[in-house]
Amino acid sequence: MKHRFILLALFSSIIINANAQDWVTHYEQSGYKRTPRYAETIEYCNRLAGFSPLATMVNLGKSPQGRDIPMLIIDKDGLTTPEAIRAKGRIITLIQACIHPGEPDGKDAMLVLLRDMLVNRKDKDLLEKASILFIPILNVDGHERFGPYNRINQNGPDEMGWRTNASNLNLNRDFLKADAPEMQHFLRMYSSWLPEFFIDIHTTDGADYQYALTYDIEVFGTLDSGLTRWLNNIYEPRIKASMKNEGFPIFPYVQFRKWHDPRSGLRTGAAPPMISQGYAALQNRPALLIETHMLKDYKTRVDATIQMVKNTMSILNHQADNLKTLVEMADKSTESPAFRKQDFVLVWKTSQTDSTMVDFEGFDYEVIKSDLTGGDWFVYNNEKPVTMKLPFFNITEPSVTTRLPEAYVIPAEWQDVINRLKLHGIRYNVLHEEVTIEAKSYAFKDYEFRKNPNEGRHMVTTSVEEISENRTFYPGSAIVPVNQRTARVIAGILEPQAPGSFVEWGFFNAVFEQKEYSETYVMETMAREMMANDPALKTEFENLKKNDESFSASQWNMLNWFYRQTPYWDNHFLKYPVVKVFDQAVINQLRKVSSAAE
C-alpha cells in the first residue's frame with residue numbers, strides 16, 4: 001500500500017511537472033533572453049483563454065497589414081462586458097504592452113503573471129475587485145518588423161520589434177489625433193470600456209542610473225483634482241513603499257534639465273494628450289506609465305514590471321470602491337454647469353524657479369570633451385553608485401486659460417474632424433437645416449509652421465485673438481455640447497492653444513493659406529487712390545515702411561497689405577472655422593434643427 005501511494009505521488013508529480021513545462025513562456029524557455037513573435041504570442045494567449053474560464057480572447061480590429069489586434073479579458077467570474085463586470089462592483093484595469101514593440105517588457109511580464117494567475121492559481125486575489133484588459137501587442141505590424149538591431153541603446157532581448165507602425169507613425173503620439181487605424185480600434189475599445197485605471201508599459205532611453213524602473217502619473221494639473229489627490233496621497237506612496245520592499249526602488253520618470261546630465265537637475269510636467277497618461281487624464285481616468293531602464297538586463301526589467309503590475313493591482317483591489325467613487329465624481333463634476341463657469345486651464349507650465357530637493361540614486365560619471373565630435377561625452381561608471389541631492393522642478397502653474405462654452409459648432413465641411421469625435425466617446429448633434437448664428441471664435445496671428453513633418457503632419461503653433469461674428473452653418477455640421485463627461489477631451493481637441501489640439505496637428509492648415517491675390521500693377525494704382533482718399537491709411541503705411549525692414553523690402557508685402565484693406569479681401573482667411581456658443585437661447589435654436597448623431 002505504501003509503495004502504491006509513493007508511485008501515485010510520483011506519477012502525479014510527473015504530470016504536474018509536465019503540465020508546468022507546457023506553460024513555460026517563450027521568454028522563460030530562452031533563459032530570459034528572447035521575446036516571442038506575434039504568432040507565438042497569440043497562440044499562448046489563446047491557450048490561456050482556452051484553459052481558464054476566467055479569460056476570454058477578443059480582437060480589437062485589423063491592422064493595416066491585416067493582423068488581428070488581440071486583447072484578453074480576465075475576470076474572476078469570466079464576465080466579458082463592462083456592464084456585467086461593473087454590476088458586480090468591480091473596476092476595470094487596462095494593461096497595454098508593445099505600443100512600442102521594441103520595448104516588449106510588458107508583454108513578457110504579463111504572460112508570466114497571467115500564467116501564474118490562471119494556470120498556477122497564484123495571486124488570484126488580484127482579481128477580487130478589479131478585472132483586467134490586457135493588450136499584449138497594440139502595434140502588431142511594427143512588432144513583426146523584427147530584428148536584433150531595432151534598439152541601439154537597449155540591453156536585450158536578443159531581437160525585438162520596431163518603434164512605429166507600418167506607416168511609420170508612432171502610436172504613442174496618436175491618442176488624441178487618432179490618425180492610425182490601430183489607434184482608432186484602441187479608442188473604440190477605450191470609450192466603450194472606460195477603464196478606471198490604465199497601465200502603459202515602455203522601456204526608456206536616457207542616462208544611466210540605478211533604478212530598474214521609473215514611472216509617471218498625471219498629477220500636474222490636467223487630471224480631475226480628486227483623482228490627482230488620490231494618486232498623490234494614496235497610490236504613489238504605497239507603490240513606492242511596496243516596490244522598495246520587493247527590492248525595486250522606483251523614481252518618477254527621469255527627465256534631466258540638461259539631457260544626459262543628472263547634476264543639471266530633474267524636471268517634469270503635465271503630459272500632453274498625445275501620449276497615454278495625458279490622454280487618460282482628459283478622460284477623467286488615472287493612468288500609470290511604466291518605463292523600465294534600457295541598460296538593465298532583460299530579466300531584471302521584466303521582473304521589475306511584474307512586481308510593479310502586481311503591486312499596482314493590489315492597491316487597486318484595496319482601493320476599488322474609493323477609486324470608482326472618485327471617477328464617478330470626476331465625470332459628474334465635468335458635466336456640471338459649474339465646470340464651465342470657471343477658467344479652464346489649457347496649458348500648464350513647469351515653474352523654472354520653484355523646486356524641491358530629492359535624493360536620486362545614480363552612478364558617478366564624468367563629462368569628457370569629445371575629440372571626435374567636440375561635444376560633451378558622458379561616461380558613466382556603474383561600478384560607483386552614488387546618491388545625488390538634486391533639485392526637482394515638479395511644480396506646475398497655469399499658463400493659458402479660457403472659458404468653455406455651452407457648445408462648439410464644427411462646420412459640415414470639416415468632416416475629418418467631426419468623424420473623430422465618436423472615437424473619443426464624445427456625443428454630438430448633427431444639423432439638418434441651414435442656420436446663421438452669432439458666436440465667438442478665434443482669429444489666428446503670429447503663427448509658425450514646423451520646418452519638418454511630425455508624425456506625418458505639418459504642425460503649427462499660433463496665437464489667437466477672440467472674435468465675435470455671425471456665421472452660417474449647413475446641414476451636416478456638428479453641435480458638440482460641453483455638458484458631458486468628455487468636456488476635457490472636447491477642449492483638448494477644439495481649443496487651438498491646447499497642447500496637441502487639432503489646430504496644432506494641422507487639421508485646419510488650409511485656413512492659413514491665402515487663396516486670392518492681387519496683381520501688382522492693379523494694386524500700384526489702387527494703393528495710391530486709397531492713400532489719397534484716406535490720409536490716416538497713408539500715415540499707417542509710412543510708419544510700417546519706416547519701422548519694419550522686411551515689410552519695406554518687399555513690394556509684395558506692401559501691396560498685399562493694401563489689398564488686405566479692401567473689400568476684396570478674404571474674410572475667412574486666418575479665422576478658425578469652429579465657433580463657441582455661450583448663449584443658451586442659441587443652443588436651444590440649434591437643438592430644434594439638429595438631431596443626435598447615430
# chains A, B, ... in the order shown; residues from 1 in each chain; ligands from 1

call {"tool": "select_by_dssp", "arguments": {"residues": "stretch 5-123 of chain A", "states": "strand (DSSP E)", "output": "PyMOL selection string"}}
result
chain A and resi 55-62+68-74+91-96

call {"tool": "write_last_selection", "arguments": {"atoms": "N, CA and C atoms", "output": "compact mmCIF listing (two decimals), in the first residue's frame"}}
result
# COMPACT_ATOMS: atom_id res chain seq x y z
N ALA A 55 -10.66 33.74 -18.49
CA ALA A 55 -10.05 34.53 -19.56
C ALA A 55 -10.80 34.36 -20.87
N THR A 56 -10.92 35.46 -21.59
CA THR A 56 -11.56 35.47 -22.92
C THR A 56 -10.70 36.28 -23.87
N MET A 57 -10.49 35.73 -25.06
CA MET A 57 -9.69 36.41 -26.08
C MET A 57 -10.61 37.10 -27.08
N VAL A 58 -10.37 38.39 -27.34
CA VAL A 58 -11.13 39.13 -28.34
C VAL A 58 -10.15 39.88 -29.24
N ASN A 59 -10.66 40.39 -30.35
CA ASN A 59 -9.85 41.19 -31.26
C ASN A 59 -10.42 42.60 -31.35
N LEU A 60 -9.54 43.59 -31.29
CA LEU A 60 -9.97 44.97 -31.38
C LEU A 60 -10.22 45.38 -32.82
N GLY A 61 -9.59 44.70 -33.77
CA GLY A 61 -9.73 45.04 -35.18
C GLY A 61 -8.50 44.59 -35.93
N LYS A 62 -8.46 44.93 -37.21
CA LYS A 62 -7.35 44.54 -38.08
C LYS A 62 -6.36 45.69 -38.23
N ASP A 68 -4.75 40.64 -36.72
CA ASP A 68 -5.67 40.91 -35.63
C ASP A 68 -4.92 41.60 -34.49
N ILE A 69 -5.60 42.55 -33.84
CA ILE A 69 -5.05 43.20 -32.64
C ILE A 69 -5.75 42.57 -31.44
N PRO A 70 -5.02 41.75 -30.67
CA PRO A 70 -5.68 40.92 -29.65
C PRO A 70 -5.85 41.65 -28.32
N MET A 71 -6.84 41.20 -27.55
CA MET A 71 -6.99 41.65 -26.17
C MET A 71 -7.57 40.51 -25.33
N LEU A 72 -6.99 40.29 -24.17
CA LEU A 72 -7.50 39.32 -23.21
C LEU A 72 -8.36 40.04 -22.18
N ILE A 73 -9.51 39.46 -21.87
CA ILE A 73 -10.36 39.94 -20.78
C ILE A 73 -10.27 38.92 -19.66
N ILE A 74 -9.86 39.35 -18.48
CA ILE A 74 -9.69 38.45 -17.35
C ILE A 74 -10.58 38.95 -16.21
N ILE A 91 -13.92 47.15 -10.58
CA ILE A 91 -13.38 48.15 -11.50
C ILE A 91 -12.59 47.43 -12.59
N ILE A 92 -12.22 48.18 -13.63
CA ILE A 92 -11.55 47.60 -14.79
C ILE A 92 -10.19 48.27 -14.96
N THR A 93 -9.17 47.45 -15.10
CA THR A 93 -7.80 47.93 -15.30
C THR A 93 -7.34 47.51 -16.69
N LEU A 94 -6.94 48.46 -17.50
CA LEU A 94 -6.40 48.20 -18.83
C LEU A 94 -4.88 48.18 -18.73
N ILE A 95 -4.27 47.10 -19.20
CA ILE A 95 -2.81 46.96 -19.21
C ILE A 95 -2.38 46.76 -20.65
N GLN A 96 -1.51 47.63 -21.12
CA GLN A 96 -1.13 47.64 -22.53
C GLN A 96 0.38 47.46 -22.69

call {"tool": "closest_residue", "arguments": {"among": "A:Pro36, A:Val464, A:Val254, A:Phe198", "to": "A:Glu159", "atoms": "only C-alpha atoms"}}
result
A:Pro36

call {"tool": "closest_residue", "arguments": {"among": "A:Phe339, A:Phe573, A:Tyr149, A:Phe248", "to": "A:Ala304", "atoms": "only C-alpha atoms"}}
result
A:Phe248

call {"tool": "select_by_dssp", "arguments": {"residues": "stretch 195-374 of chain A", "states": "alpha helix (DSSP H)", "output": "PyMOL selection string"}}
result
chain A and resi 225-230+236-245+276-282+298-318+320-335+337-340

call {"tool": "residues_around", "arguments": {"residues": "A:Arg257", "least_positions_apart": "6", "cutoff": "7 Å", "atoms": "only C-alpha atoms", "output": "MDAnalysis selection string"}}
result
chainID A and resid 264:267

call {"tool": "write_last_selection", "arguments": {"atoms": "all heavy atoms", "output": "tab-separated table (two decimals), in the first residue's frame"}}
result
chain	number	residue	atom	x	y	z
A	264	SER	N	22.47	68.41	-13.59
A	264	SER	CA	21.80	69.63	-14.03
A	264	SER	C	20.43	69.78	-13.36
A	264	SER	O	19.82	70.85	-13.44
A	264	SER	CB	21.62	69.61	-15.56
A	264	SER	OG	20.72	68.60	-15.96
A	265	GLY	N	19.97	68.73	-12.71
A	265	GLY	CA	18.67	68.77	-12.06
A	265	GLY	C	17.62	68.01	-12.85
A	265	GLY	O	17.82	67.62	-14.01
A	266	LEU	N	16.49	67.77	-12.20
A	266	LEU	CA	15.40	66.99	-12.78
A	266	LEU	C	14.20	67.88	-13.07
A	266	LEU	O	13.98	68.88	-12.37
A	266	LEU	CB	14.99	65.87	-11.81
A	266	LEU	CG	16.10	64.95	-11.33
A	266	LEU	CD1	15.63	64.15	-10.13
A	266	LEU	CD2	16.54	64.01	-12.44
A	267	ARG	N	13.42	67.50	-14.06
A	267	ARG	CA	12.21	68.27	-14.39
A	267	ARG	C	11.10	67.31	-14.79
A	267	ARG	O	11.35	66.19	-15.23
A	267	ARG	CB	12.48	69.26	-15.52
A	267	ARG	CG	12.89	68.60	-16.83
A	267	ARG	CD	13.13	69.60	-17.94
A	267	ARG	NE	13.62	68.96	-19.15
A	267	ARG	CZ	12.85	68.41	-20.08
A	267	ARG	NH1	11.52	68.42	-19.92
A	267	ARG	NH2	13.36	67.85	-21.15

call {"tool": "closest_atom_pairs", "arguments": {"of": "stretch 265-296 of chain A", "to": "stretch 480-500 of chain A", "cutoff": "12 Å", "atoms": "only C-alpha atoms", "output": "tab-separated table"}}
result
residue	atom	partner	partner_atom	distance
A:Ala270	CA	A:Pro499	CA	10.0
A:Ala271	CA	A:Pro499	CA	9.3
A:Pro272	CA	A:Pro499	CA	6.0
A:Pro273	CA	A:Gly500	CA	6.6
A:Met274	CA	A:Gly500	CA	6.3
A:Ile275	CA	A:Gly500	CA	9.8
A:Gly278	CA	A:Pro499	CA	10.2
A:Tyr279	CA	A:Val489	CA	8.0
A:Ala280	CA	A:Val489	CA	9.4
A:Ala281	CA	A:Arg488	CA	8.5
A:Leu282	CA	A:Arg488	CA	5.1
A:Gln283	CA	A:Thr486	CA	6.1
A:Asn284	CA	A:Arg485	CA	7.9
A:Arg285	CA	A:Thr486	CA	11.0

call {"tool": "closest_residue", "arguments": {"among": "A:Ser314, A:Asn419, A:Ser333, A:Gln307", "to": "A:Ser225", "atoms": "only C-alpha atoms"}}
result
A:Ser333

call {"tool": "residues_around", "arguments": {"residues": "A:Asn509", "least_positions_apart": "2", "cutoff": "10 Å", "atoms": "only C-alpha atoms", "output": "PDB file with C-alpha atoms, in the first residue's frame"}}
result
ATOM      1  CA  PHE A 449       4.808  76.088 -39.073  1.00  0.00           C
ATOM      2  CA  ARG A 457       1.648  66.102 -40.234  1.00  0.00           C
ATOM      3  CA  HIS A 458       2.754  69.692 -40.735  1.00  0.00           C
ATOM      4  CA  MET A 459       2.267  71.171 -37.270  1.00  0.00           C
ATOM      5  CA  VAL A 460       1.589  74.826 -36.493  1.00  0.00           C
ATOM      6  CA  PHE A 502      -6.392  69.558 -33.905  1.00  0.00           C
ATOM      7  CA  VAL A 503      -5.257  73.043 -34.937  1.00  0.00           C
ATOM      8  CA  GLU A 504      -1.727  72.304 -33.743  1.00  0.00           C
ATOM      9  CA  TRP A 505      -1.715  68.923 -35.516  1.00  0.00           C
ATOM     10  CA  GLY A 506      -2.638  70.567 -38.819  1.00  0.00           C
ATOM     11  CA  PHE A 507      -6.261  69.531 -39.326  1.00  0.00           C
ATOM     12  CA  VAL A 511      -7.212  78.156 -43.146  1.00  0.00           C
ATOM     13  CA  PHE A 512      -3.658  79.546 -43.001  1.00  0.00           C
ATOM     14  CA  GLU A 513      -3.411  79.750 -46.814  1.00  0.00           C
ATOM     15  CA  LEU A 574      -6.958  83.114 -40.675  1.00  0.00           C
TER      16      LEU A 574
END

call {"tool": "closest_residue", "arguments": {"among": "A:Thr462, A:Glu43, A:Thr164, A:Leu544", "to": "A:Tyr442", "atoms": "only C-alpha atoms"}}
result
A:Thr462

call {"tool": "closest_residue", "arguments": {"among": "A:Arg427, A:His100, A:Asp570, A:Ile234", "to": "A:Ala596", "atoms": "only C-alpha atoms"}}
result
A:Arg427

call {"tool": "residues_around", "arguments": {"residues": "A:Asp343", "least_positions_apart": "3", "cutoff": "12 Å", "atoms": "only C-alpha atoms", "output": "NGL selection string"}}
result
:A and (338-340 or 346-347 or 398-405)

call {"tool": "write_last_selection", "arguments": {"atoms": "N, CA, C and O atoms", "output": "mmCIF file, in the first residue's frame"}}
result
data_model
loop_
_atom_site.group_PDB
_atom_site.id
_atom_site.type_symbol
_atom_site.label_atom_id
_atom_site.label_comp_id
_atom_site.auth_asym_id
_atom_site.auth_seq_id
_atom_site.Cartn_x
_atom_site.Cartn_y
_atom_site.Cartn_z
ATOM 1 N N ALA A 338 -21.104 74.295 -13.284
ATOM 2 C CA ALA A 338 -20.017 74.962 -12.559
ATOM 3 C C ALA A 338 -18.676 74.789 -13.269
ATOM 4 O O ALA A 338 -17.812 75.670 -13.223
ATOM 5 N N PHE A 339 -18.499 73.659 -13.942
ATOM 6 C CA PHE A 339 -17.243 73.390 -14.647
ATOM 7 C C PHE A 339 -17.011 74.412 -15.752
ATOM 8 O O PHE A 339 -15.878 74.800 -16.030
ATOM 9 N N ARG A 340 -18.092 74.876 -16.379
ATOM 10 C CA ARG A 340 -17.983 75.816 -17.492
ATOM 11 C C ARG A 340 -17.962 77.268 -17.033
ATOM 12 O O ARG A 340 -17.727 78.170 -17.842
ATOM 13 N N LEU A 346 -5.772 75.492 -20.251
ATOM 14 C CA LEU A 346 -5.378 74.772 -21.461
ATOM 15 C C LEU A 346 -3.930 74.308 -21.395
ATOM 16 O O LEU A 346 -3.594 73.225 -21.877
ATOM 17 N N VAL A 347 -3.071 75.147 -20.835
ATOM 18 C CA VAL A 347 -1.633 74.858 -20.814
ATOM 19 C C VAL A 347 -1.112 75.015 -19.393
ATOM 20 O O VAL A 347 -1.317 76.062 -18.763
ATOM 21 N N PRO A 398 -0.697 77.433 -14.114
ATOM 22 C CA PRO A 398 -1.445 77.726 -15.337
ATOM 23 C C PRO A 398 -0.709 78.728 -16.226
ATOM 24 O O PRO A 398 -0.159 79.710 -15.739
ATOM 25 N N SER A 399 -0.724 78.460 -17.518
ATOM 26 C CA SER A 399 -0.068 79.341 -18.478
ATOM 27 C C SER A 399 -1.067 79.957 -19.451
ATOM 28 O O SER A 399 -0.989 81.150 -19.749
ATOM 29 N N VAL A 400 -1.993 79.159 -19.956
ATOM 30 C CA VAL A 400 -3.022 79.640 -20.877
ATOM 31 C C VAL A 400 -4.369 79.132 -20.391
ATOM 32 O O VAL A 400 -4.528 77.938 -20.129
ATOM 33 N N THR A 401 -5.340 80.026 -20.261
ATOM 34 C CA THR A 401 -6.674 79.640 -19.800
ATOM 35 C C THR A 401 -7.733 80.136 -20.784
ATOM 36 O O THR A 401 -7.471 81.005 -21.613
ATOM 37 N N THR A 402 -8.937 79.572 -20.650
ATOM 38 C CA THR A 402 -10.072 80.026 -21.449
ATOM 39 C C THR A 402 -11.346 79.720 -20.679
ATOM 40 O O THR A 402 -11.312 79.089 -19.620
ATOM 41 N N ARG A 403 -12.471 80.163 -21.190
ATOM 42 C CA ARG A 403 -13.777 79.775 -20.665
ATOM 43 C C ARG A 403 -14.423 78.835 -21.671
ATOM 44 O O ARG A 403 -14.511 79.149 -22.861
ATOM 45 N N LEU A 404 -14.869 77.705 -21.193
ATOM 46 C CA LEU A 404 -15.510 76.748 -22.075
ATOM 47 C C LEU A 404 -16.944 77.187 -22.351
ATOM 48 O O LEU A 404 -17.638 77.677 -21.465
ATOM 49 N N PRO A 405 -17.412 76.996 -23.573
ATOM 50 C CA PRO A 405 -18.764 77.415 -23.929
ATOM 51 C C PRO A 405 -19.794 76.361 -23.537
ATOM 52 O O PRO A 405 -19.452 75.301 -22.992
#

call {"tool": "residues_around", "arguments": {"residues": "A:Met110", "least_positions_apart": "5", "cutoff": "10 Å", "atoms": "only C-alpha atoms", "output": "ChimeraX atom specification"}}
result
/A:95-97,105,115-116,134-136,302,305-306,309-310

call {"tool": "write_last_selection", "arguments": {"atoms": "N, CA, C and O atoms", "output": "mmCIF file, in the first residue's frame"}}
result
data_model
loop_
_atom_site.group_PDB
_atom_site.id
_atom_site.type_symbol
_atom_site.label_atom_id
_atom_site.label_comp_id
_atom_site.auth_asym_id
_atom_site.auth_seq_id
_atom_site.Cartn_x
_atom_site.Cartn_y
_atom_site.Cartn_z
ATOM 1 N N ILE A 95 -4.272 47.095 -19.201
ATOM 2 C CA ILE A 95 -2.809 46.964 -19.211
ATOM 3 C C ILE A 95 -2.376 46.761 -20.652
ATOM 4 O O ILE A 95 -2.825 45.828 -21.319
ATOM 5 N N GLN A 96 -1.510 47.632 -21.117
ATOM 6 C CA GLN A 96 -1.125 47.642 -22.532
ATOM 7 C C GLN A 96 0.379 47.457 -22.687
ATOM 8 O O GLN A 96 1.162 48.098 -21.988
ATOM 9 N N ALA A 97 0.757 46.596 -23.614
ATOM 10 C CA ALA A 97 2.165 46.383 -23.943
ATOM 11 C C ALA A 97 2.366 46.595 -25.438
ATOM 12 O O ALA A 97 1.428 46.547 -26.232
ATOM 13 N N ASP A 105 8.917 44.510 -22.803
ATOM 14 C CA ASP A 105 8.970 44.062 -21.407
ATOM 15 C C ASP A 105 7.587 43.739 -20.852
ATOM 16 O O ASP A 105 7.388 42.736 -20.157
ATOM 17 N N ARG A 115 -0.093 33.683 -16.583
ATOM 18 C CA ARG A 115 0.098 32.231 -16.453
ATOM 19 C C ARG A 115 0.032 31.814 -14.996
ATOM 20 O O ARG A 115 -0.656 30.853 -14.627
ATOM 21 N N ASP A 116 0.713 32.582 -14.142
ATOM 22 C CA ASP A 116 0.715 32.243 -12.709
ATOM 23 C C ASP A 116 -0.680 32.392 -12.110
ATOM 24 O O ASP A 116 -1.083 31.612 -11.249
ATOM 25 N N PHE A 134 -6.035 43.075 -21.100
ATOM 26 C CA PHE A 134 -4.608 43.039 -21.447
ATOM 27 C C PHE A 134 -4.436 43.011 -22.957
ATOM 28 O O PHE A 134 -4.915 42.103 -23.635
ATOM 29 N N ILE A 135 -3.757 44.044 -23.473
ATOM 30 C CA ILE A 135 -3.380 44.099 -24.891
ATOM 31 C C ILE A 135 -1.903 43.713 -24.979
ATOM 32 O O ILE A 135 -1.032 44.515 -24.632
ATOM 33 N N PRO A 136 -1.581 42.487 -25.420
ATOM 34 C CA PRO A 136 -0.172 42.070 -25.455
ATOM 35 C C PRO A 136 0.643 42.803 -26.507
ATOM 36 O O PRO A 136 1.829 43.060 -26.308
ATOM 37 N N VAL A 302 11.941 42.808 -16.830
ATOM 38 C CA VAL A 302 10.675 42.077 -16.804
ATOM 39 C C VAL A 302 10.253 41.802 -15.366
ATOM 40 O O VAL A 302 9.078 41.963 -15.006
ATOM 41 N N THR A 305 8.828 44.871 -13.880
ATOM 42 C CA THR A 305 7.494 45.138 -14.417
ATOM 43 C C THR A 305 6.447 44.253 -13.762
ATOM 44 O O THR A 305 5.350 44.713 -13.414
ATOM 45 N N ILE A 306 6.774 42.971 -13.585
ATOM 46 C CA ILE A 306 5.839 42.057 -12.912
ATOM 47 C C ILE A 306 5.490 42.584 -11.528
ATOM 48 O O ILE A 306 4.315 42.638 -11.144
ATOM 49 N N VAL A 309 3.251 45.784 -11.690
ATOM 50 C CA VAL A 309 1.856 45.487 -12.029
ATOM 51 C C VAL A 309 1.169 44.799 -10.852
ATOM 52 O O VAL A 309 0.034 45.154 -10.494
ATOM 53 N N LYS A 310 1.814 43.817 -10.252
ATOM 54 C CA LYS A 310 1.211 43.113 -9.114
ATOM 55 C C LYS A 310 0.913 44.070 -7.966
ATOM 56 O O LYS A 310 -0.179 44.050 -7.379
#

call {"tool": "residues_around", "arguments": {"residues": "A:Asn381", "least_positions_apart": "4", "cutoff": "12 Å", "atoms": "only C-alpha atoms", "output": "PyMOL selection string"}}
result
chain A and resi 207-210+362-367+385-386

call {"tool": "closest_residue", "arguments": {"among": "A:Gln184, A:Thr214, A:Ser131, A:Asn470", "to": "A:Lys240", "atoms": "only C-alpha atoms"}}
result
A:Thr214
